[in-house]
>>> print(open('protein25.cif').read())   # mmCIF, C-alpha atoms and all ligand atoms
data_query
#
loop_
_atom_site.label_atom_id
_atom_site.label_comp_id
_atom_site.auth_asym_id
_atom_site.auth_seq_id
_atom_site.Cartn_x
_atom_site.Cartn_y
_atom_site.Cartn_z
CA MET A 141 5.67 -15.72 -8.97
CA SER A 142 8.65 -18.08 -8.70
CA ASP A 143 8.01 -21.32 -6.87
CA GLU A 144 11.67 -22.37 -6.61
CA GLY A 145 11.74 -21.42 -2.95
CA LEU A 146 13.03 -18.83 -0.58
CA LEU A 147 16.50 -20.32 -0.20
CA VAL A 148 17.07 -20.34 -3.97
CA THR A 149 15.46 -17.09 -5.08
CA GLY A 150 14.90 -15.08 -1.91
CA ILE A 151 11.22 -15.05 -2.82
CA PRO A 152 8.68 -17.14 -0.89
CA THR A 153 6.71 -19.77 -2.78
CA SER A 154 2.96 -19.56 -3.15
CA GLU A 155 2.63 -22.36 -0.59
CA GLU A 156 4.75 -20.45 1.92
CA LEU A 157 2.70 -17.32 1.35
CA ALA A 158 -0.58 -19.21 1.63
CA ARG A 159 0.41 -20.30 5.14
CA VAL A 160 0.82 -16.72 6.36
CA THR A 161 -1.95 -14.97 4.43
CA PRO A 162 -4.91 -13.81 6.50
CA PRO A 163 -8.20 -15.25 5.18
CA ARG A 164 -10.12 -12.99 2.79
CA GLU A 165 -13.00 -12.57 5.27
CA ARG A 166 -10.50 -11.33 7.88
CA ARG A 167 -8.82 -8.95 5.43
CA GLU A 168 -12.20 -7.54 4.47
CA LYS A 169 -13.09 -6.93 8.11
CA GLY A 170 -10.17 -4.58 8.73
CA PRO A 171 -6.41 -4.31 9.03
CA CYS A 172 -4.56 -7.49 9.91
CA VAL A 173 -0.98 -8.60 10.02
CA MET A 174 0.79 -10.75 7.43
CA ILE A 175 4.12 -12.03 8.72
CA GLU A 176 6.35 -13.20 5.88
CA CYS A 177 9.00 -14.82 8.05
CA PHE A 178 9.72 -18.35 6.92
CA GLN A 179 13.15 -19.34 8.19
CA ARG A 180 14.00 -20.69 11.61
CA ILE A 181 16.30 -18.03 13.02
CA PRO A 182 16.99 -16.93 16.61
CA CYS A 183 14.67 -13.91 16.63
CA ASP A 184 11.50 -13.03 18.49
CA PRO A 185 10.95 -9.25 18.98
CA CYS A 186 7.72 -9.47 17.00
CA HIS A 187 6.14 -11.50 19.78
CA TYR A 188 7.17 -8.99 22.46
CA SER A 189 6.11 -5.99 20.38
CA CYS A 190 2.47 -7.07 20.20
CA ARG A 191 0.54 -5.81 23.18
CA PHE A 192 -2.57 -7.67 22.03
CA GLY A 193 -1.05 -11.14 22.24
CA ALA A 194 -1.71 -11.76 18.54
CA ILE A 195 1.77 -13.19 17.90
CA LYS A 196 1.89 -16.36 19.94
CA GLU A 197 4.62 -16.96 22.45
CA PHE A 198 7.61 -18.77 20.96
CA GLU A 199 8.39 -22.14 22.54
CA ASP A 200 11.85 -21.94 20.98
CA ILE A 201 13.47 -18.67 19.90
CA ASN A 202 14.07 -20.26 16.49
CA ASP A 203 10.35 -20.80 15.87
CA VAL A 204 8.65 -18.90 13.08
CA PRO A 205 5.89 -16.58 14.28
CA GLU A 206 2.33 -17.79 14.53
CA VAL A 207 -0.50 -15.27 14.39
CA ASP A 208 -3.94 -15.24 15.95
CA TRP A 209 -5.79 -12.98 13.53
CA ASP A 210 -8.75 -12.71 15.87
CA LYS A 211 -6.53 -10.83 18.32
CA CYS A 212 -4.72 -8.69 15.76
CA THR A 213 -5.92 -5.09 15.51
CA GLY A 214 -3.68 -4.24 12.56
CA CYS A 215 -1.91 -1.57 14.59
CA GLY A 216 1.41 -2.21 12.82
CA MET A 217 3.61 -1.95 15.91
CA CYS A 218 5.25 -5.27 15.10
CA ILE A 219 6.38 -3.94 11.71
CA ALA A 220 8.65 -1.43 13.40
CA ALA A 221 10.11 -4.08 15.70
CA CYS A 222 11.05 -6.64 13.05
CA PRO A 223 14.73 -6.53 12.05
CA GLY A 224 13.96 -8.77 9.08
CA LEU A 225 11.51 -6.31 7.47
CA ALA A 226 9.21 -9.30 7.19
CA ILE A 227 5.95 -7.92 8.56
CA PHE A 228 3.13 -6.15 6.73
CA VAL A 229 -0.42 -5.14 7.52
CA VAL A 230 -3.14 -5.42 4.88
CA ASP A 231 -6.62 -3.93 5.00
CA GLU A 232 -9.26 -4.71 2.42
CA SER A 233 -12.16 -3.15 4.34
CA THR A 234 -11.89 0.21 2.60
CA GLY A 235 -14.12 -0.54 -0.42
CA ASN A 236 -14.15 -2.45 -3.66
CA GLU A 237 -11.40 -0.60 -5.43
CA GLU A 238 -8.80 0.11 -2.78
CA CYS A 239 -6.82 -1.49 -0.03
CA ARG A 240 -4.36 -0.25 2.56
CA ILE A 241 -0.94 -1.77 3.07
CA ALA A 242 1.53 -0.96 5.83
CA MET A 243 5.14 -1.80 5.12
CA PRO A 244 8.59 -1.20 6.60
CA TYR A 245 10.72 1.40 4.84
CA GLU A 246 14.37 1.94 5.68
CA PHE A 247 15.45 4.42 3.00
CA VAL A 248 15.72 8.19 2.91
CA PRO A 249 13.99 10.39 2.19
CA LEU A 250 10.88 9.04 3.82
CA PRO A 251 7.80 9.55 1.68
CA GLU A 252 5.30 12.19 2.76
CA LYS A 253 1.60 11.91 3.41
CA GLY A 254 -0.33 12.36 0.17
CA GLU A 255 2.65 11.51 -2.03
CA ARG A 256 2.21 9.05 -4.89
CA VAL A 257 4.80 6.28 -4.67
CA ARG A 258 5.80 3.39 -6.91
CA LEU A 259 4.97 -0.09 -5.66
CA PHE A 260 6.95 -3.29 -6.23
CA ASP A 261 6.31 -6.96 -5.65
CA ARG A 262 8.56 -9.37 -3.74
CA ALA A 263 10.72 -9.90 -6.81
CA GLY A 264 11.28 -6.18 -7.29
CA THR A 265 8.96 -5.86 -10.28
CA GLU A 266 7.03 -2.61 -10.41
CA VAL A 267 3.33 -3.39 -10.07
CA GLY A 268 1.64 0.00 -9.79
CA THR A 269 1.38 3.08 -7.66
CA GLY A 270 -0.13 3.99 -4.34
CA VAL A 271 -0.75 7.10 -2.26
CA VAL A 272 0.88 7.52 1.12
CA GLU A 273 -1.68 7.76 3.88
CA ARG A 274 0.56 7.85 6.93
CA VAL A 275 4.24 7.74 7.80
CA ILE A 276 5.42 6.62 11.22
CA PRO A 277 9.09 7.51 11.65
CA GLY A 278 11.24 4.91 13.34
CA GLN A 279 11.83 5.33 17.02
CA LYS A 280 15.23 4.64 18.54
CA PRO A 281 16.93 2.37 19.32
CA GLN A 282 15.65 -0.05 16.71
CA GLY A 283 12.33 1.03 15.27
CA THR A 284 11.91 0.84 11.53
CA PRO A 285 9.78 3.52 9.86
CA VAL A 286 6.36 2.27 8.76
CA VAL A 287 4.57 3.62 5.70
CA TRP A 288 0.85 3.12 5.10
CA VAL A 289 -0.25 3.36 1.47
CA ARG A 290 -3.58 3.22 -0.29
CA ALA A 291 -3.31 1.05 -3.37
CA PRO A 292 -5.52 -0.78 -5.87
CA LYS A 293 -7.16 -3.67 -4.03
CA GLU A 294 -5.57 -6.31 -6.25
CA LEU A 295 -2.16 -5.28 -4.87
CA SER A 296 -3.04 -6.07 -1.26
CA LEU A 297 -1.12 -9.35 -1.27
CA VAL A 298 1.32 -8.31 -3.99
CA ALA A 299 2.93 -4.92 -3.27
CA ARG A 300 5.67 -5.29 -0.67
CA HIS A 301 8.09 -2.45 -1.41
CA LEU A 302 7.80 1.19 -2.38
CA ALA A 303 9.95 3.88 -3.89
CA VAL A 304 9.53 7.61 -3.74
CA ASN A 305 9.67 9.53 -6.99
CA ARG A 306 11.70 12.47 -5.71
CA GLU A 307 15.39 12.90 -6.26
CA GLY A 308 17.53 12.03 -3.30
S1 LIG A 401 -0.40 -5.50 13.82
FE1 LIG A 401 -0.52 -4.91 16.00
S2 LIG A 401 -2.02 -6.33 16.87
FE2 LIG A 401 -1.42 -7.20 14.90
S3 LIG A 401 0.25 -8.62 15.39
FE3 LIG A 401 1.20 -6.65 14.89
S4 LIG A 401 1.45 -5.58 16.88
FE4 LIG A 401 -0.03 -7.28 17.16
S1 LIG A 402 10.91 -10.18 14.45
FE1 LIG A 402 10.69 -10.41 12.22
S2 LIG A 402 12.46 -11.66 11.58
FE2 LIG A 402 12.26 -11.89 13.82
S3 LIG A 402 10.98 -13.73 14.08
FE3 LIG A 402 9.60 -11.96 14.11
S4 LIG A 402 8.91 -11.74 11.96
FE4 LIG A 402 10.74 -13.07 11.95
#
>>> encode(input="protein25.cif", output="structure tokens", more="lines below")
Ligand code: SF4
Ligand code: SF4
Amino acid sequence: MSDEGLLVTGIPTSEELARVTPPRERREKGPCVMIECFQRIPCDPCHYSCRFGAIKEFEDINDVPEVDWDKCTGCGMCIAACPGLAIFVVDESTGNEECRIAMPYEFVPLPEKGERVRLFDRAGTEVGTGVVERVIPGQKPQGTPVVWVRAPKELSLVARHLAVNREG
């Protein structure tokens, strides 16, 4: 992973990611949010989308989100509300070999439940495959579709994009 920084490469550094990564014990308990939003920008719908109060209230609209993982249920509602496509849910409670990842997906066609999809890291490098477990279509006016995939456990903190294998 590049450590040159988000502003240079568009890819967060390992230090930036460490600040937003749920602790292993929390990931192994069940689904929890990982908000990869690092820049101070005037944006806060993630806070208002969380009915559990897990994304703390912003003192300034330019603040970056802060998460209370004890309150997060891993529902994924905030993923659909984020215009920056910066929010993911990871779940490492499903066993030794597998994890679940929920990610935003704004392309067509949407993948289908049961479909095997290609997975990519933050730099766009293909890292493996996963199987679609659930697809939540976006709801108007702004909702982004959310795709849940089952993937090898080692990809829980790595896979952040997917591609369907079908032709257009
Ligand atoms: S996943 Fe659900 S509970 Fe967790 S921060 Fe997002 S909206 Fe809140
Ligand atoms: S909605 Fe998305 S882009 Fe906006 S502050 Fe929240 S995480 Fe960042």
>>> closest_residue(input="protein25.cif", among="A:Pro162, A:Pro223, A:Pro205, A:Pro152", to="Pro285 in chain A", atoms="only C-alpha atoms")
A:Pro223
>>> residues_near_ligand(input="protein25.cif", ligand="ligand LIG 402 (chain A)", cutoff="7 Å", atoms="all atoms listed in the file", output="short mmCIF file (atom, residue, chain, number, x, y, z; two decimals) with C-alpha atoms, in the coordinates of the input")
data_model
loop_
_atom_site.label_atom_id
_atom_site.label_comp_id
_atom_site.auth_asym_id
_atom_site.auth_seq_id
_atom_site.Cartn_x
_atom_site.Cartn_y
_atom_site.Cartn_z
CA ILE A 175 4.12 -12.03 8.72
CA GLU A 176 6.35 -13.20 5.88
CA CYS A 177 9.00 -14.82 8.05
CA ILE A 181 16.30 -18.03 13.02
CA CYS A 183 14.67 -13.91 16.63
CA ASP A 184 11.50 -13.03 18.49
CA PRO A 185 10.95 -9.25 18.98
CA CYS A 186 7.72 -9.47 17.00
CA HIS A 187 6.14 -11.50 19.78
CA VAL A 204 8.65 -18.90 13.08
CA PRO A 205 5.89 -16.58 14.28
CA ALA A 221 10.11 -4.08 15.70
CA CYS A 222 11.05 -6.64 13.05
CA PRO A 223 14.73 -6.53 12.05
CA GLY A 224 13.96 -8.77 9.08
CA LEU A 225 11.51 -6.31 7.47
CA ALA A 226 9.21 -9.30 7.19
CA ILE A 227 5.95 -7.92 8.56
#
>>> residues_near_ligand(input="protein25.cif", ligand="ligand LIG 401 (chain A)", cutoff="6 Å", atoms="all atoms listed in the file", output="VMD selection string")
chain A and resid 172 to 173 189 to 190 192 194 to 195 212 to 218
>>> closest_residue(input="protein25.cif", among="A:Val229, A:Ala291, A:Ala263, A:Leu302", to="Phe247 in chain A", atoms="only C-alpha atoms")
A:Leu302
>>> closest_residue(input="protein25.cif", among="A:Val207, A:Val271, A:Leu295, A:Val230", to="Val257 in chain A", atoms="only C-alpha atoms")
A:Val271
>>> closest_residue(input="protein25.cif", among="A:Gly235, A:Pro251, A:Pro182, A:Gly264", to="Thr149 in chain A", atoms="all atoms listed in the file")
A:Gly264
>>> atom_distance(input="protein25.cif", atom1="CA of Arg191 in chain A", atom2="CA of Val275 in chain A")
20.8 Å
>>> atom_distance(input="protein25.cif", atom1="CA of Pro249 in chain A", atom2="CA of Gly283 in chain A")
16.2 Å
>>> closest_residue(input="protein25.cif", among="A:Lys293, A:Arg262, A:Val272, A:Ser233", to="Glu168 in chain A", atoms="all atoms listed in the file")
A:Ser233
>>> axis_aligned_box(input="protein25.cif", around="range 164-177 of chain A", padding_each_side="8 Å", output="lines of an AutoDock Vina configuration file")
center_x = -2.0
center_y = -9.6
center_z = 6.4
size_x = 38.1
size_y = 26.5
size_z = 23.2
>>> atom_distance(input="protein25.cif", atom1="CA of Lys211 in chain A", atom2="CA of Gly150 in chain A")
29.8 Å
>>> closest_residue(input="protein25.cif", among="A:Cys239, A:Arg306, A:Glu294, A:Ile219", to="Pro277 in chain A", atoms="all atoms listed in the file")
A:Ile219
>>> residues_near_point(input="protein25.cif", point="(-1.9, 6.8, -5.3)", cutoff="9 Å", atoms="only C-alpha atoms", output="list in words")
Gly254, Glu255, Arg256, Val257, Arg258, Gly268, Thr269, Gly270, Val271, Val272, Val289, Arg290, Ala291 and Pro292 of chain A
>>> decode(input="protein25.cif", residues="range 217-244 of chain A", atoms="N, CA, C and O atoms", output="tab-separated table (two decimals), in the first residue's frame")
chain	number	residue	atom	x	y	z
A	217	MET	N	-26.90	1.54	6.68
A	217	MET	CA	-27.71	2.66	6.17
A	217	MET	C	-26.85	3.87	5.79
A	217	MET	O	-27.15	4.59	4.85
A	218	CYS	N	-25.79	4.08	6.54
A	218	CYS	CA	-24.94	5.25	6.26
A	218	CYS	C	-24.20	5.10	4.93
A	218	CYS	O	-23.84	6.10	4.31
A	219	ILE	N	-23.99	3.88	4.48
A	219	ILE	CA	-23.30	3.68	3.19
A	219	ILE	C	-24.11	4.35	2.09
A	219	ILE	O	-23.57	5.06	1.24
A	220	ALA	N	-25.41	4.11	2.12
A	220	ALA	CA	-26.28	4.64	1.07
A	220	ALA	C	-26.37	6.15	1.10
A	220	ALA	O	-26.65	6.79	0.08
A	221	ALA	N	-26.11	6.74	2.26
A	221	ALA	CA	-26.29	8.19	2.41
A	221	ALA	C	-25.03	8.98	2.08
A	221	ALA	O	-25.08	10.20	1.99
A	222	CYS	N	-23.90	8.30	1.91
A	222	CYS	CA	-22.62	9.01	1.77
A	222	CYS	C	-22.33	9.34	0.31
A	222	CYS	O	-22.10	8.44	-0.50
A	223	PRO	N	-22.30	10.64	-0.03
A	223	PRO	CA	-22.03	11.00	-1.43
A	223	PRO	C	-20.58	10.74	-1.83
A	223	PRO	O	-20.26	10.70	-3.01
A	224	GLY	N	-19.72	10.55	-0.84
A	224	GLY	CA	-18.30	10.32	-1.13
A	224	GLY	C	-17.94	8.85	-1.32
A	224	GLY	O	-16.78	8.53	-1.55
A	225	LEU	N	-18.92	7.96	-1.21
A	225	LEU	CA	-18.67	6.51	-1.33
A	225	LEU	C	-17.53	6.09	-0.40
A	225	LEU	O	-16.66	5.29	-0.77
A	226	ALA	N	-17.56	6.63	0.80
A	226	ALA	CA	-16.43	6.47	1.72
A	226	ALA	C	-16.72	5.51	2.86
A	226	ALA	O	-15.86	5.32	3.73
A	227	ILE	N	-17.92	4.91	2.87
A	227	ILE	CA	-18.30	4.12	4.04
A	227	ILE	C	-18.46	2.65	3.65
A	227	ILE	O	-19.06	2.31	2.62
A	228	PHE	N	-17.96	1.79	4.53
A	228	PHE	CA	-18.03	0.34	4.35
A	228	PHE	C	-18.45	-0.29	5.67
A	228	PHE	O	-18.28	0.32	6.73
A	229	VAL	N	-18.98	-1.51	5.59
A	229	VAL	CA	-19.22	-2.28	6.81
A	229	VAL	C	-18.43	-3.58	6.66
A	229	VAL	O	-18.44	-4.19	5.58
A	230	VAL	N	-17.74	-3.96	7.71
A	230	VAL	CA	-16.99	-5.22	7.70
A	230	VAL	C	-17.52	-6.11	8.82
A	230	VAL	O	-17.94	-5.62	9.87
A	231	ASP	N	-17.47	-7.41	8.57
A	231	ASP	CA	-17.99	-8.38	9.54
A	231	ASP	C	-17.08	-9.61	9.50
A	231	ASP	O	-17.04	-10.32	8.49
A	232	GLU	N	-16.38	-9.82	10.59
A	232	GLU	CA	-15.48	-10.97	10.65
A	232	GLU	C	-16.00	-12.00	11.66
A	232	GLU	O	-15.23	-12.78	12.21
A	233	SER	N	-17.31	-11.99	11.89
A	233	SER	CA	-17.89	-12.92	12.87
A	233	SER	C	-18.37	-14.20	12.22
A	233	SER	O	-18.91	-15.07	12.90
A	234	THR	N	-18.17	-14.33	10.91
A	234	THR	CA	-18.81	-15.42	10.18
A	234	THR	C	-17.99	-16.70	10.15
A	234	THR	O	-18.40	-17.67	9.54
A	235	GLY	N	-16.82	-16.74	10.78
A	235	GLY	CA	-16.01	-17.96	10.78
A	235	GLY	C	-14.57	-17.63	10.44
A	235	GLY	O	-14.22	-16.49	10.19
A	236	ASN	N	-13.75	-18.66	10.44
A	236	ASN	CA	-12.32	-18.45	10.24
A	236	ASN	C	-11.94	-18.07	8.83
A	236	ASN	O	-10.97	-17.38	8.60
A	237	GLU	N	-12.71	-18.55	7.88
A	237	GLU	CA	-12.28	-18.43	6.49
A	237	GLU	C	-12.88	-17.22	5.78
A	237	GLU	O	-12.33	-16.76	4.80
A	238	GLU	N	-14.02	-16.77	6.24
A	238	GLU	CA	-14.78	-15.79	5.47
A	238	GLU	C	-15.02	-14.51	6.26
A	238	GLU	O	-15.00	-14.48	7.48
A	239	CYS	N	-15.33	-13.47	5.50
A	239	CYS	CA	-15.84	-12.25	6.11
A	239	CYS	C	-16.99	-11.75	5.23
A	239	CYS	O	-17.24	-12.29	4.15
A	240	ARG	N	-17.66	-10.73	5.72
A	240	ARG	CA	-18.66	-10.04	4.91
A	240	ARG	C	-18.22	-8.58	4.81
A	240	ARG	O	-17.73	-7.99	5.78
A	241	ILE	N	-18.42	-8.03	3.62
A	241	ILE	CA	-18.10	-6.61	3.41
A	241	ILE	C	-19.30	-5.98	2.71
A	241	ILE	O	-19.82	-6.55	1.73
A	242	ALA	N	-19.73	-4.84	3.20
A	242	ALA	CA	-20.77	-4.07	2.49
A	242	ALA	C	-20.10	-2.84	1.89
A	242	ALA	O	-19.33	-2.15	2.57
A	243	MET	N	-20.39	-2.60	0.62
A	243	MET	CA	-19.76	-1.46	-0.04
A	243	MET	C	-20.73	-0.76	-0.98
A	243	MET	O	-21.69	-1.37	-1.46
A	244	PRO	N	-20.49	0.53	-1.23
A	244	PRO	CA	-21.34	1.26	-2.17
A	244	PRO	C	-21.01	0.83	-3.60
A	244	PRO	O	-19.86	0.48	-3.90
